[in-house]
Each structure stands twice: as C-alpha cells, then as structure tokens.
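Engineer: Take a look at this one; I'll ask things after.
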Amino acid sequence: MPLVGRAQEVVAELWKARQLGCRLLFHVNGKPLRELKSEWRKACEAAGLTAGRKGGGIVLYNLRHSCLTNLAAAGVPDSTARAISGHKTDSAHKRYVITQAAAKSAALAAMSEAVASGKA
C-alpha cells in the first residue's frame, strides 16, 4: 500500500538513517528485521492488543481488509482502491472488501424507496 502523510515521513526518515550497504529498511536493536511476526506481536502487546489468529487477536493482513473496506465506505472507486492495494484482478480485490451492515441497509432502503416511488 502506498504511504501518505506521517507514515510516508517516517519511512523516509528511516531510509535516510538506515545502515549503509543494507538494503533492508527496518532494524531492531541494530539488526535488520527479517521476520515481522515477532515484532508485530510485540507492537500489539505494547498497545494492549492481542496479536494472532489463535488468540482471536489482530492479524497484520486484517489491516489490508480494513483499508480497502474504509476506502469503499468513503466512496473511492474500486479501480482506484485496486490500484492502491496492488490487486491485479477484481476478484482478488473483492475478497478484501467487507461490506458493512449499514451500507447494505442503506442500499436496501434506497431500493425500497425507489420501488415505492415508482422509479424502479
């Protein structure tokens, strides 16, 4: 996912401060971060959250679902959201978008109103 705002600034700062000769961006205690899972768990614990599927906690890939769901809720066209997420196919993109109950209810209410007013 492309970064904007503060997230982009943080990555730019990390890139400038990286160890010369190292192609990896993230380091923990001076060592390149090669496995994200353990650092994700630590970050979740520090935030008072549970990490991982087994514990019923937050999974890193859930953030992708949330991002695409929020883009859809904001009215961002699917083609734009796909460009942001990097999904090559519509079917892959749709697996990540969770249609909220409120959006479904609003759509059904709009349909009902259109039928009642004779517009459908």
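By convention here, the chains of the structure tokens are called A, B, ... in the order presented, each chain's residues are numbered starting at 1, and ligands are numbered starting at 1 in the order presented.
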Please extract the residues of chain A with a backbone DSSP assignment of alpha helix (DSSP H) and present them as a VMD selection string.
Structural biologist: chain A and resid 5 to 17 36 to 46 62 to 73 78 to 85 90 to 96 101 to 116
Engineer: Need the shell around segment 50-55 of chain A: protein/DNA/RNA residues with any atom at most 6 Å away, counting only C-alpha atoms. Skip same-chain ones fewer than 4 positions apart. Format as a PyMOL selection string?
Structural biologist: chain A and resi 41+44+59
Engineer: Looking at A:Val10, A:Val28, A:Val97, A:Ile58, which one is nearest to Val76 of chain A, with distances taken over only C-alpha atoms?
Structural biologist: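 Under the stated criterion, the closest residue is A:Val97.
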Engineer: List every residue of chain A that DSSP, applied to the backbone of this structure, places in strand (DSSP E or B), and write the result as a list in words.
Structural biologist: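 The strand (DSSP E or B) residues within chain A come out as His27, Val28, Lys31, Pro32, Ala51 and Ile58 of chain A.
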Engineer: Would you list the contacts of Glu39 of chain A as a list of chain:residue names, taking every protein, DNA or RNA residue within 12 Å and counting only C-alpha atoms, but skipping same-chain residues closer than 4 positions in sequence?
Structural biologist: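 Answer for this query is A:Phe26, A:His27, A:Val28, A:Asn29, A:Pro32, A:Leu33, A:Arg34, A:Glu35, A:Ala43, A:Cys44, A:Glu45, A:Ala46, A:Ala51, A:Gly52, A:Leu60.
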Engineer: Let me see the file: selected residues, C-alpha atoms, as a PDB file, in the first residue's frame.
Structural biologist:
```
ATOM      1  CA  PHE A  26      13.641  -1.760   9.302  1.00  0.00           C
ATOM      2  CA  HIS A  27      16.086  -2.609  12.072  1.00  0.00           C
ATOM      3  CA  VAL A  28      15.568  -3.687  15.665  1.00  0.00           C
ATOM      4  CA  ASN A  29      18.433  -3.184  18.111  1.00  0.00           C
ATOM      5  CA  PRO A  32      17.884  -5.961  10.157  1.00  0.00           C
ATOM      6  CA  LEU A  33      14.292  -7.020  10.677  1.00  0.00           C
ATOM      7  CA  ARG A  34      13.744 -10.139   8.593  1.00  0.00           C
ATOM      8  CA  GLU A  35      10.657 -11.595  10.294  1.00  0.00           C
ATOM      9  CA  ALA A  43       3.759  -3.912  18.968  1.00  0.00           C
ATOM     10  CA  CYS A  44       0.277  -5.280  19.626  1.00  0.00           C
ATOM     11  CA  GLU A  45       1.190  -6.184  23.210  1.00  0.00           C
ATOM     12  CA  ALA A  46       2.647  -2.701  23.780  1.00  0.00           C
ATOM     13  CA  ALA A  51      -1.991 -10.483  18.172  1.00  0.00           C
ATOM     14  CA  GLY A  52      -2.588 -13.529  16.006  1.00  0.00           C
ATOM     15  CA  LEU A  60      -1.396  -7.935  10.116  1.00  0.00           C
TER      16      LEU A  60
END
```
Engineer: With only C-alpha atoms as the counted atoms, please give the residues lying no more than 10 Å from Ala81 of chain A, apart from itself and same-chain residues fewer than 2 positions off, as a list in words.
Structural biologist: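 The contact residues come out as Met1, Cys67, Leu68, Thr69, Asn70, Leu71, Ala72, Gly75, Val76, Pro77, Asp78, Ser79, Ala83, Ile84, Ser85, Gly86, His87, His93 and Val97 of chain A.
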